[in-house]
file final17.txt (compact mmCIF, C-alpha atoms)
# COMPACT_ATOMS: atom_id res chain seq x y z
CA MET V 1 1.11 2.06 4.39
CA ASN V 2 0.71 2.73 0.67
CA ARG V 3 3.88 1.79 -1.20
CA ALA V 4 3.54 5.00 -3.19
CA ILE V 5 4.39 6.86 0.00
CA VAL V 6 6.71 4.58 1.91
CA GLY V 7 10.19 3.90 0.57
CA SER V 8 11.11 0.53 -0.84
CA GLY V 9 10.76 -2.29 1.66
CA GLN V 10 11.06 -0.34 4.88
CA GLY V 11 8.93 -0.49 7.96
CA ALA V 12 5.42 -0.79 9.29
CA PRO V 13 2.64 1.78 8.74
CA ALA V 14 3.33 3.39 12.13
CA THR V 15 6.99 3.86 11.18
CA GLY V 16 5.99 5.48 7.92
CA LEU V 17 3.67 7.87 9.73
CA LEU V 18 6.40 8.78 12.22
CA ALA V 19 8.81 9.37 9.33
CA GLY V 20 6.25 11.65 7.71
CA ALA V 21 5.82 13.57 10.96
CA ALA V 22 9.60 13.89 11.28
CA ALA V 23 9.81 15.25 7.74
CA PHE V 24 6.99 17.73 8.39
CA VAL V 25 8.64 19.24 11.50
CA LEU V 26 12.20 19.05 10.15
CA VAL V 27 12.42 22.82 9.55
CA PHE V 28 9.11 23.82 11.17
CA LYS V 29 9.64 26.66 13.63
CA ILE V 30 7.02 27.51 16.25
CA PRO V 31 5.87 31.15 16.31
CA GLY V 32 7.52 32.91 19.24
CA SER V 33 10.46 30.50 19.19
CA ILE V 34 12.12 30.89 15.82
CA LEU V 35 15.83 30.49 16.58
CA PHE V 36 15.75 26.84 15.46
CA PRO V 37 13.18 24.10 14.71
CA GLY V 38 12.39 23.12 18.31
CA ALA V 39 9.97 20.31 17.47
CA ALA V 40 12.55 18.57 15.26
CA LEU V 41 15.23 18.83 17.95
CA ALA V 42 12.82 17.49 20.58
CA LEU V 43 11.84 14.54 18.36
CA ALA V 44 15.51 13.85 17.57
CA LEU V 45 16.25 13.74 21.30
CA VAL V 46 13.35 11.32 21.91
CA VAL V 47 14.68 8.93 19.28
CA ALA V 48 18.33 9.87 19.89
CA PRO V 49 19.77 6.34 19.50
CA ILE V 50 18.20 6.03 16.05
CA VAL V 51 19.23 9.54 14.98
CA LEU V 52 22.81 9.07 16.19
CA ALA V 53 23.06 5.70 14.43
CA ARG V 54 21.78 7.15 11.16
CA LEU V 55 24.03 10.21 11.49
CA ALA V 56 27.02 7.92 11.97
CA SER V 57 26.11 5.83 8.94
CA PHE V 58 27.40 8.30 6.30
CA ALA V 59 30.56 10.36 6.03
CA ALA V 60 28.99 13.82 6.00
CA GLY V 61 26.90 12.97 9.07
CA ARG V 62 29.93 11.71 10.99
CA ALA V 63 31.95 14.79 10.12
CA LEU V 64 29.12 17.13 11.05
CA GLY V 65 28.44 15.35 14.35
CA MET V 66 32.09 15.31 15.40
CA ALA V 67 32.57 18.96 14.43
CA ALA V 68 29.52 19.91 16.52
CA VAL V 69 30.93 18.13 19.58
CA VAL V 70 34.28 19.88 19.11
CA ALA V 71 32.48 23.21 18.70
CA VAL V 72 30.50 22.87 21.94
CA THR V 73 33.69 21.90 23.79
CA SER V 74 35.69 24.82 22.41
CA GLY V 75 32.82 27.23 23.09
CA LEU V 76 32.69 26.18 26.76
CA LEU V 77 36.47 26.50 27.06
CA LEU V 78 36.37 29.99 25.55
CA ARG V 79 33.59 30.94 27.94
CA ALA V 80 35.67 29.76 30.93
CA THR V 81 38.73 31.73 29.81
CA THR V 82 37.14 34.96 28.58
CA ASP V 83 39.52 37.92 28.76
CA PRO V 84 37.72 40.77 30.60
CA THR V 85 39.11 43.23 28.06
CA VAL V 86 37.23 41.32 25.35
CA GLY V 87 33.99 40.31 27.01
CA SER V 88 32.21 38.75 29.95
CA PRO V 89 30.21 35.51 30.27
CA GLY V 90 26.52 35.92 29.48
CA SER V 91 23.69 34.02 31.13
CA TRP V 92 23.75 30.24 31.17
CA GLY V 93 20.27 30.30 29.66
CA THR V 94 21.69 32.02 26.58
CA ALA V 95 24.58 29.53 26.46
CA VAL V 96 22.21 26.53 26.61
CA THR V 97 20.05 28.07 23.88
CA LEU V 98 23.11 28.49 21.66
CA VAL V 99 24.15 24.87 22.20
CA ALA V 100 20.63 23.78 21.21
CA TRP V 101 20.84 26.05 18.13
CA LEU V 102 24.06 24.37 17.05
CA LEU V 103 23.00 20.79 17.81
CA ALA V 104 19.72 21.30 15.96
CA VAL V 105 21.69 21.18 12.69
CA PRO V 106 23.20 17.66 12.96
CA ALA V 107 20.06 16.48 14.78
CA GLY V 108 17.91 17.65 11.87
CA VAL V 109 20.20 16.03 9.32
CA GLY V 110 20.18 12.74 11.25
CA LEU V 111 16.39 12.84 11.63
CA GLY V 112 15.95 13.51 7.93
CA TRP V 113 18.40 10.74 7.08
CA TRP V 114 16.27 8.31 9.09
CA ALA V 115 13.03 9.58 7.52
CA LYS V 116 14.38 9.01 4.02
CA ASP V 117 14.63 5.27 4.78
CA HIS V 118 10.83 5.16 4.97
CA LEU V 119 9.69 7.77 2.45
CA ARG V 120 10.00 8.06 -1.30
CA PRO V 121 12.23 10.96 -2.43
CA ASP V 122 9.41 13.11 -3.86
CA VAL V 123 7.26 12.55 -0.76
CA LEU V 124 10.10 13.37 1.64
CA VAL V 125 10.91 16.64 -0.11
CA ARG V 126 7.29 17.75 -0.47
CA VAL V 127 6.37 16.98 3.15
CA VAL V 128 9.43 18.84 4.46
CA LEU V 129 8.63 21.86 2.29
CA LEU V 130 4.93 21.78 3.19
CA GLY V 131 5.87 22.07 6.86
CA ALA V 132 8.40 24.79 6.02
CA VAL V 133 5.85 26.88 4.09
CA LEU V 134 3.23 26.57 6.83
CA SER V 135 5.79 27.62 9.44
CA ALA V 136 6.88 30.61 7.37
CA LEU V 137 3.29 31.75 6.80
CA LEU V 138 2.56 31.54 10.53
CA ILE V 139 5.71 33.44 11.52
CA GLU V 140 6.12 36.04 8.77
CA ARG V 141 2.87 37.94 9.23
CA PRO V 142 1.71 39.96 7.44
CA PHE V 143 2.77 38.07 4.33
CA VAL V 144 6.21 39.01 3.02
CA TRP V 145 7.97 37.35 0.11
CA LYS V 146 11.44 38.37 1.24
CA GLY V 147 12.56 35.70 3.70
CA ASN V 148 11.61 32.10 4.42
CA THR V 149 8.22 32.46 2.75
CA GLY V 150 9.64 33.23 -0.68
CA VAL V 151 12.39 30.61 -0.43
CA TYR V 152 10.12 27.79 0.68
CA LEU V 153 7.23 28.69 -1.65
CA THR V 154 9.64 28.63 -4.59
CA LEU V 155 11.02 25.25 -3.52
CA LEU V 156 7.55 23.78 -2.95
CA ALA V 157 6.38 25.00 -6.37
CA LEU V 158 9.44 23.35 -7.95
CA ALA V 159 8.96 20.14 -5.95
CA VAL V 160 5.44 19.47 -7.25
CA LEU V 161 6.42 19.76 -10.92
CA PRO V 162 6.96 16.72 -13.17
CA THR V 163 10.53 15.44 -12.89
CA ARG V 164 11.64 16.31 -16.42
CA SER V 165 9.47 19.35 -17.10
CA ARG V 166 12.12 21.85 -18.19
CA TRP V 167 9.82 24.69 -19.20
CA ALA V 168 7.60 24.44 -16.12
CA THR V 169 10.72 24.47 -13.95
CA ARG V 170 12.11 27.46 -15.81
CA SER V 171 8.78 29.29 -15.53
CA VAL V 172 8.76 28.89 -11.74
CA LEU V 173 12.35 30.11 -11.50
CA VAL V 174 11.68 33.14 -13.73
CA CYS V 175 8.61 34.06 -11.67
CA SER V 176 10.58 33.67 -8.45
CA ALA V 177 13.42 35.83 -9.79
CA VAL V 178 11.03 38.58 -10.87
CA VAL V 179 8.98 38.57 -7.65
CA SER V 180 12.19 38.51 -5.59
CA ALA V 181 13.62 41.46 -7.53
CA VAL V 182 10.42 43.47 -7.06
CA SER V 183 10.42 42.55 -3.34
CA ASP V 184 14.07 43.67 -2.96
CA ALA V 185 15.12 40.09 -2.17
CA ARG V 186 18.25 40.37 -4.28
CA PHE V 187 19.89 37.16 -3.06
CA MET V 188 16.76 35.13 -3.88
CA SER V 189 16.61 36.66 -7.34
CA LEU V 190 20.28 35.84 -7.92
CA ILE V 191 19.86 32.24 -6.75
CA ALA V 192 16.81 31.75 -8.99
CA ILE V 193 18.82 33.04 -11.98
CA ILE V 194 21.75 30.73 -11.15
CA VAL V 195 19.47 27.70 -10.98
CA LEU V 196 17.67 28.82 -14.14
CA VAL V 197 21.00 28.79 -16.01
CA ALA V 198 21.65 25.26 -14.69
CA THR V 199 18.40 24.01 -16.27
CA PHE V 200 19.92 24.55 -19.72
CA VAL V 201 22.58 21.93 -19.04
CA GLY V 202 21.97 18.99 -21.39
CA ASP V 203 22.42 15.26 -20.91
CA GLY V 204 25.90 15.31 -22.46
CA VAL V 205 27.10 17.83 -19.91
CA ARG V 206 25.31 15.97 -17.11
CA ARG V 207 27.14 12.80 -18.10
CA SER V 208 30.43 14.71 -18.06
CA VAL V 209 29.56 16.10 -14.62
CA ALA V 210 28.98 12.59 -13.30
CA GLN V 211 32.32 11.41 -14.72
CA ARG V 212 34.50 14.44 -13.84
CA PRO V 213 33.05 15.95 -10.65
CA PHE V 214 36.14 17.86 -9.51
CA LEU V 215 36.55 19.60 -12.87
CA TRP V 216 32.91 20.62 -12.88
CA VAL V 217 33.11 22.00 -9.36
CA LEU V 218 35.83 24.36 -10.61
CA VAL V 219 33.80 25.23 -13.71
CA SER V 220 30.66 25.84 -11.62
CA VAL V 221 32.42 28.07 -9.11
CA SER V 222 34.06 30.07 -11.90
CA GLY V 223 30.74 30.44 -13.67
CA LEU V 224 29.12 31.51 -10.41
CA VAL V 225 31.69 34.28 -9.94
CA LEU V 226 31.01 35.58 -13.45
CA LEU V 227 27.26 35.39 -12.90
CA VAL V 228 27.49 37.30 -9.62
CA GLN V 229 29.55 40.03 -11.30
CA SER V 230 26.98 40.22 -14.11
CA ALA V 231 24.17 40.45 -11.58
CA LEU V 232 25.94 43.28 -9.76
CA LEU V 233 26.35 45.11 -13.06
CA ALA V 234 22.64 44.66 -13.76
CA MET V 235 21.76 45.96 -10.29
CA ARG V 236 23.98 49.05 -10.67
CA SER V 237 22.61 49.78 -14.15
CA GLY V 238 19.03 50.00 -12.91
CA LEU V 239 17.86 46.95 -14.83
CA LEU V 240 16.26 45.57 -11.64
CA GLY V 241 14.78 48.89 -10.55
CA SER V 242 15.98 52.28 -9.37
CA ASP V 243 15.77 51.43 -5.66
CA ILE V 244 18.01 48.37 -6.03
CA ALA V 245 20.40 50.39 -8.21
CA ALA V 246 20.68 53.15 -5.59
CA ARG V 247 21.30 50.67 -2.76
CA THR V 248 23.89 48.70 -4.72
CA ILE V 249 25.79 51.82 -5.80
CA ALA V 250 25.80 53.12 -2.22
CA GLN V 251 26.99 49.79 -0.84
CA THR V 252 29.90 49.48 -3.28
CA SER V 253 30.99 53.12 -3.50
CA GLY V 254 34.44 54.23 -2.43
CA GLY V 255 35.99 50.91 -3.42
CA ARG V 256 34.10 48.99 -0.71
CA SER V 257 33.56 45.29 -1.27
CA ILE V 258 30.03 44.08 -1.89
CA VAL V 259 30.39 41.81 1.17
CA GLU V 260 31.01 44.62 3.68
CA GLY V 261 28.79 47.03 1.80
CA SER V 262 25.74 44.78 1.65
CA ARG V 263 26.31 43.17 5.06
CA THR V 264 27.90 45.87 7.19
CA GLU V 265 27.86 43.49 10.16
CA TRP V 266 30.84 41.81 8.47
CA ALA V 267 32.91 44.93 9.15
CA ALA V 268 32.17 44.52 12.86
CA SER V 269 32.90 40.79 12.71
CA LEU V 270 36.25 41.26 10.99
CA HIS V 271 37.30 43.81 13.61
CA LEU V 272 36.40 41.41 16.42
CA PHE V 273 38.35 38.70 14.62
CA SER V 274 41.41 40.94 14.41
CA VAL V 275 41.26 41.44 18.17
CA GLN V 276 40.42 37.87 19.24
CA PRO V 277 40.96 35.41 16.34
CA TRP V 278 40.24 32.36 18.52
CA GLY V 279 36.66 33.44 19.15
CA ILE V 280 34.90 35.23 22.00
CA GLY V 281 33.03 32.51 23.88
CA LEU V 282 29.72 30.67 24.23
CA GLY V 283 27.07 33.25 25.03
CA ASP V 284 29.67 35.86 25.99
CA VAL V 285 28.78 39.55 25.93
CA VAL V 286 31.43 41.59 24.14
CA ASN V 287 33.13 44.41 26.06
CA GLY V 288 31.34 47.74 25.54
CA GLY V 289 34.47 49.51 24.33
CA LEU V 290 35.23 46.77 21.84
CA ALA V 291 31.63 46.84 20.63
CA ARG V 292 31.92 50.58 20.00
CA GLU V 293 35.16 50.04 18.06
CA ALA V 294 33.37 47.45 15.91
CA ILE V 295 30.51 49.85 15.26
CA VAL V 296 33.03 52.49 14.13
CA HIS V 297 34.15 50.02 11.46
CA VAL V 298 30.50 49.64 10.45
CA GLN V 299 30.38 53.41 10.03
CA ALA V 300 33.48 53.27 7.82
CA VAL V 301 31.73 50.99 5.30
CA GLY V 302 28.56 53.07 5.23
CA GLY V 303 26.44 51.17 7.74
CA ASP V 304 23.73 52.80 9.84
CA TYR V 305 25.92 52.93 12.93
CA THR V 306 23.47 55.24 14.75
CA SER V 307 20.76 52.57 14.72
CA SER V 308 19.89 50.79 17.97
CA TYR V 309 20.02 47.59 15.91
CA PHE V 310 23.73 47.11 16.59
CA LEU V 311 23.46 47.61 20.34
CA VAL V 312 20.18 45.73 20.81
CA ASP V 313 20.24 42.95 18.19
CA VAL V 314 23.86 42.48 17.16
CA PHE V 315 25.62 43.13 20.48
CA GLY V 316 22.66 42.40 22.70
CA GLN V 317 22.06 39.62 25.22
CA ARG V 318 22.73 37.03 22.50
CA THR V 319 25.30 38.30 20.03
CA ASP V 320 24.18 37.69 16.44
CA LEU V 321 26.55 39.02 13.79
CA HIS V 322 24.09 38.40 10.93
CA SER V 323 26.23 35.61 9.55
CA VAL V 324 26.00 32.01 10.69
CA LEU V 325 29.73 31.65 9.94
CA ALA V 326 30.61 34.68 12.07
CA ASP V 327 28.27 33.50 14.84
CA LEU V 328 29.86 30.05 14.84
CA TRP V 329 33.28 31.67 15.21
CA TYR V 330 32.14 34.16 17.87
CA HIS V 331 30.41 31.64 20.16
CA PHE V 332 32.29 28.41 19.40
CA GLY V 333 35.73 29.53 18.23
CA VAL V 334 37.84 27.13 16.20
CA GLY V 335 35.25 24.37 16.68
CA GLY V 336 32.61 26.61 15.13
CA LEU V 337 34.85 27.22 12.14
CA ALA V 338 35.24 23.44 11.84
CA VAL V 339 31.44 23.13 11.60
CA ALA V 340 31.42 25.80 8.89
CA ALA V 341 34.20 23.99 7.00
CA VAL V 342 32.18 20.76 7.05
CA ILE V 343 29.14 22.62 5.69
CA VAL V 344 31.17 24.09 2.83
CA VAL V 345 32.77 20.74 1.93
CA VAL V 346 29.44 18.89 1.97
CA LEU V 347 27.75 21.49 -0.25
CA VAL V 348 30.63 21.75 -2.72
CA ARG V 349 31.07 17.97 -2.85
CA ALA V 350 27.38 17.51 -3.71
CA LEU V 351 27.35 20.09 -6.50
CA PRO V 352 28.25 17.70 -9.36
CA ASP V 353 25.73 15.11 -8.10
CA ALA V 354 22.99 17.74 -7.98
CA LEU V 355 23.82 18.97 -11.49
CA ALA V 356 23.63 15.40 -12.81
CA LEU V 357 20.03 14.91 -11.64
CA PRO V 358 16.97 15.30 -13.89
CA VAL V 359 15.83 18.89 -14.28
CA ARG V 360 13.26 19.26 -11.49
CA PRO V 361 15.13 17.49 -8.66
CA ALA V 362 18.30 19.25 -9.83
CA ALA V 363 16.58 22.63 -9.55
CA VAL V 364 15.24 21.82 -6.06
CA ALA V 365 18.64 20.59 -4.89
CA LEU V 366 20.61 23.49 -6.37
CA PHE V 367 18.19 26.13 -5.06
CA THR V 368 18.29 24.57 -1.58
CA MET V 369 22.07 24.24 -1.53
CA ALA V 370 22.67 27.75 -2.88
CA THR V 371 20.34 29.19 -0.24
CA GLY V 372 22.17 27.27 2.49
CA ALA V 373 25.52 28.56 1.24
CA TRP V 374 24.19 32.14 1.28
CA ASP V 375 22.82 31.70 4.80
CA LEU V 376 26.16 30.41 6.05
CA PHE V 377 27.85 33.69 5.12
CA PHE V 378 25.13 36.33 5.17
CA SER V 379 22.11 35.33 7.27
CA PRO V 380 21.35 35.64 11.00
CA MET V 381 21.04 32.70 13.39
CA PRO V 382 17.33 31.93 12.81
CA GLU V 383 18.07 30.95 9.19
CA SER V 384 20.10 27.91 10.29
CA ASP V 385 17.09 25.71 9.44
CA ARG V 386 17.77 26.38 5.75
CA ILE V 387 21.38 25.30 6.27
CA THR V 388 20.12 22.07 7.88
CA LEU V 389 17.90 21.40 4.87
CA SER V 390 20.71 22.20 2.43
CA LEU V 391 23.05 19.76 4.20
CA LEU V 392 20.43 17.01 4.16
CA VAL V 393 19.67 17.53 0.47
CA ALA V 394 23.39 17.68 -0.39
CA ALA V 395 24.12 14.44 1.49
CA LEU V 396 21.15 12.74 -0.18
CA CYS V 397 22.39 13.86 -3.60
CA THR V 398 25.84 12.42 -2.89
CA SER V 399 24.33 9.14 -1.67
CA GLY V 400 22.35 8.65 -4.90
CA TYR V 401 18.97 8.90 -3.09
CA PHE V 402 17.47 11.10 -5.82
CA SER V 403 19.04 9.25 -8.74
CA GLY V 404 16.37 6.58 -9.30
CA PRO V 405 13.48 7.10 -11.72
CA GLU V 406 10.26 8.51 -10.32
CA PRO V 407 7.08 6.40 -10.37
CA GLY V 408 5.67 6.24 -13.88
CA GLU V 409 9.03 6.86 -15.57
CA HIS V 410 10.40 4.09 -17.75
CA GLY V 411 14.06 4.95 -17.94
CA ARG V 412 16.92 7.21 -17.03
CA SER V 413 18.87 9.73 -18.95
CA PRO V 414 22.40 8.80 -20.03
CA ALA V 415 23.73 11.13 -17.38
CA GLN V 416 21.63 9.42 -14.74
CA THR V 417 22.93 6.01 -15.76
CA GLY V 418 26.50 7.23 -15.33
CA LEU V 419 25.73 8.76 -11.96
CA SER V 420 24.10 5.59 -10.63
CA ALA V 421 27.04 3.47 -11.71
CA ARG V 422 29.42 5.83 -9.95
CA THR V 423 27.26 5.75 -6.81
CA ARG V 424 27.29 1.94 -6.72
CA ARG V 425 31.09 1.91 -6.92
CA ARG V 426 31.41 3.96 -3.70
call {"tool": "encode", "arguments": {"input": "final17.txt", "output": "structure tokens"}}
result
Amino acid sequence: MNRAIVGSGQGAPATGLLAGAAAFVLVFKIPGSILFPGAALALALVVAPIVLARLASFAAGRALGMAAVVAVTSGLLLRATTDPTVGSPGSWGTAVTLVAWLLAVPAGVGLGWWAKDHLRPDVLVRVVLLGAVLSALLIERPFVWKGNTGVYLTLLALAVLPTRSRWATRSVLVCSAVVSAVSDARFMSLIAIIVLVATFVGDGVRRSVAQRPFLWVLVSVSGLVLLVQSALLAMRSGLLGSDIAARTIAQTSGGRSIVEGSRTEWAASLHLFSVQPWGIGLGDVVNGGLAREAIVHVQAVGGDYTSSYFLVDVFGQRTDLHSVLADLWYHFGVGGLAVAAVIVVVLVRALPDALALPVRPAAVALFTMATGAWDLFFSPMPESDRITLSLLVAALCTSGYFSGPEPGEHGRSPAQTGLSARTRRR
């Protein structure tokens, strides 16, 4: 196997090819079965001893694996003790599917962690994204930018750029933000703008990020809040188009929060939480009366409560509250919230390491992690593949995997030198 493809000193050609195949299917979803990347889960099960060993070899993997086991256990316990006034157990087929959906996340992270031992960083990222783009193009037909296609095309375009090409990176992000705004993909436009701002961080700041990570997490979160408020102001003002302005004004009128206004399913989720804070149960079907109460709360925040969407898709055979966090709570209870907490900690912990990278890998990492964070709070179950990818990228950032110079580069930035030294001390 060519050393330009395989990572330093690892494995035979067959191992490298298997690692490449694992990377390609990591987030690849088969048309007609899009809840989670089935091929990646199947491969992870075939090589389960290897995946489990690699998952146990780093702190984020151990935490994610243990939280997933706790979540499955708590989900089964909730299912066995469902209060009839709250809901009734759904089919076991649905329950098994939900367990597979949850386990696909740590399985994908473990599989990717093994693949990185045999692939160079740029190759790993590009192969994963190539599979992701192909999957999105096969599933989202006719072509639509809003969704996986736009996210993965943006990431792939960023991934093929030269490592330190600031203006090329910025050009891709500007194009993505504009196309996303025109396509009414407001969250993608916002993420592209956030990452664009991060590209203006110089080496001095990157060195400070590497030396004072906790401080810069606080600074980054504060800056993000200000940027979100600025973006909302721009949306309301009509700067991004009259349609977006009308929707944003409608969603935030009457003092409603942007969370419940833009994702009215959250109003239903919060009502269910107020009734049963410990969760509903693995695959459980919520009581019809309780479902109607939840839909009334959707009506109160301006949601289309008359739509069959809530009865068919949200409160259907497999309840999907249009938020991975809410779905984890609903089906897996406290254990599901533990999984969500691990995801948040891993992403936040990796933020300073991602900021300290050279411009192109930093943009790829930040865009991936920001998308995963959005999906955790505001996306339906089938977007969990993007959370898997964000966790893998975040863990790789923290481990220093992306911190070495790319082939053909003769040195590192001062910030990169500081980051590598800190990584070696861990």
call {"tool": "residues_near_point", "arguments": {"input": "final17.txt", "point": "(21.6, 50.8, 16.7)", "cutoff": "12 Å", "atoms": "all atoms listed in the file", "output": "VMD selection string"}}
result
chain V and resid 265 291 to 292 295 to 296 298 to 299 303 to 316
call {"tool": "closest_residue", "arguments": {"input": "final17.txt", "among": "V:Ala107, V:Val346, V:Val195, V:Val301", "to": "Val172 of chain V", "atoms": "only C-alpha atoms"}}
result
V:Val195
call {"tool": "closest_residue", "arguments": {"input": "final17.txt", "among": "V:Leu78, V:Val151, V:Ala19, V:Val197", "to": "Trp329 of chain V", "atoms": "all atoms listed in the file"}}
result
V:Leu78
call {"tool": "residues_around", "arguments": {"input": "final17.txt", "residues": "segment 184-193 of chain V", "least_positions_apart": "2", "cutoff": "9 Å", "atoms": "all atoms listed in the file", "output": "number ranges by chain"}}
result
V: 145-147, 150-151, 154, 172-182, 195-198, 227-228, 231, 235, 243-244, 366-367, 370-371, 374
call {"tool": "closest_residue", "arguments": {"input": "final17.txt", "among": "V:Ala363, V:Val47, V:Met369, V:Ala56", "to": "Arg170 of chain V", "atoms": "all atoms listed in the file"}}
result
V:Ala363
call {"tool": "atom_distance", "arguments": {"input": "final17.txt", "atom1": "atom CA of Ile194 of chain V", "atom2": "atom CA of Leu156 of chain V"}}
result
17.8 Å
call {"tool": "atom_distance", "arguments": {"input": "final17.txt", "atom1": "atom CA of Thr73 of chain V", "atom2": "atom CA of Pro277 of chain V"}}
result
17.1 Å
call {"tool": "closest_residue", "arguments": {"input": "final17.txt", "among": "V:Ala100, V:Ala268, V:Ala59, V:Val27", "to": "Ala300 of chain V", "atoms": "only C-alpha atoms"}}
result
V:Ala268
call {"tool": "atom_distance", "arguments": {"input": "final17.txt", "atom1": "atom CA of Ser135 of chain V", "atom2": "atom CA of Leu98 of chain V"}}
result
21.2 Å
call {"tool": "axis_aligned_box", "arguments": {"input": "final17.txt", "around": "segment 156-164 of chain V", "padding_each_side": "8 Å", "output": "lines of an AutoDock Vina configuration file"}}
result
center_x = 8.5
center_y = 20.2
center_z = -9.7
size_x = 22.2
size_y = 25.6
size_z = 29.5
call {"tool": "residues_around", "arguments": {"input": "final17.txt", "residues": "Thr319 of chain V", "least_positions_apart": "6", "cutoff": "9 Å", "atoms": "only C-alpha atoms", "output": "PyMOL selection string"}}
result
chain V and resi 283-286+313+327+330-331
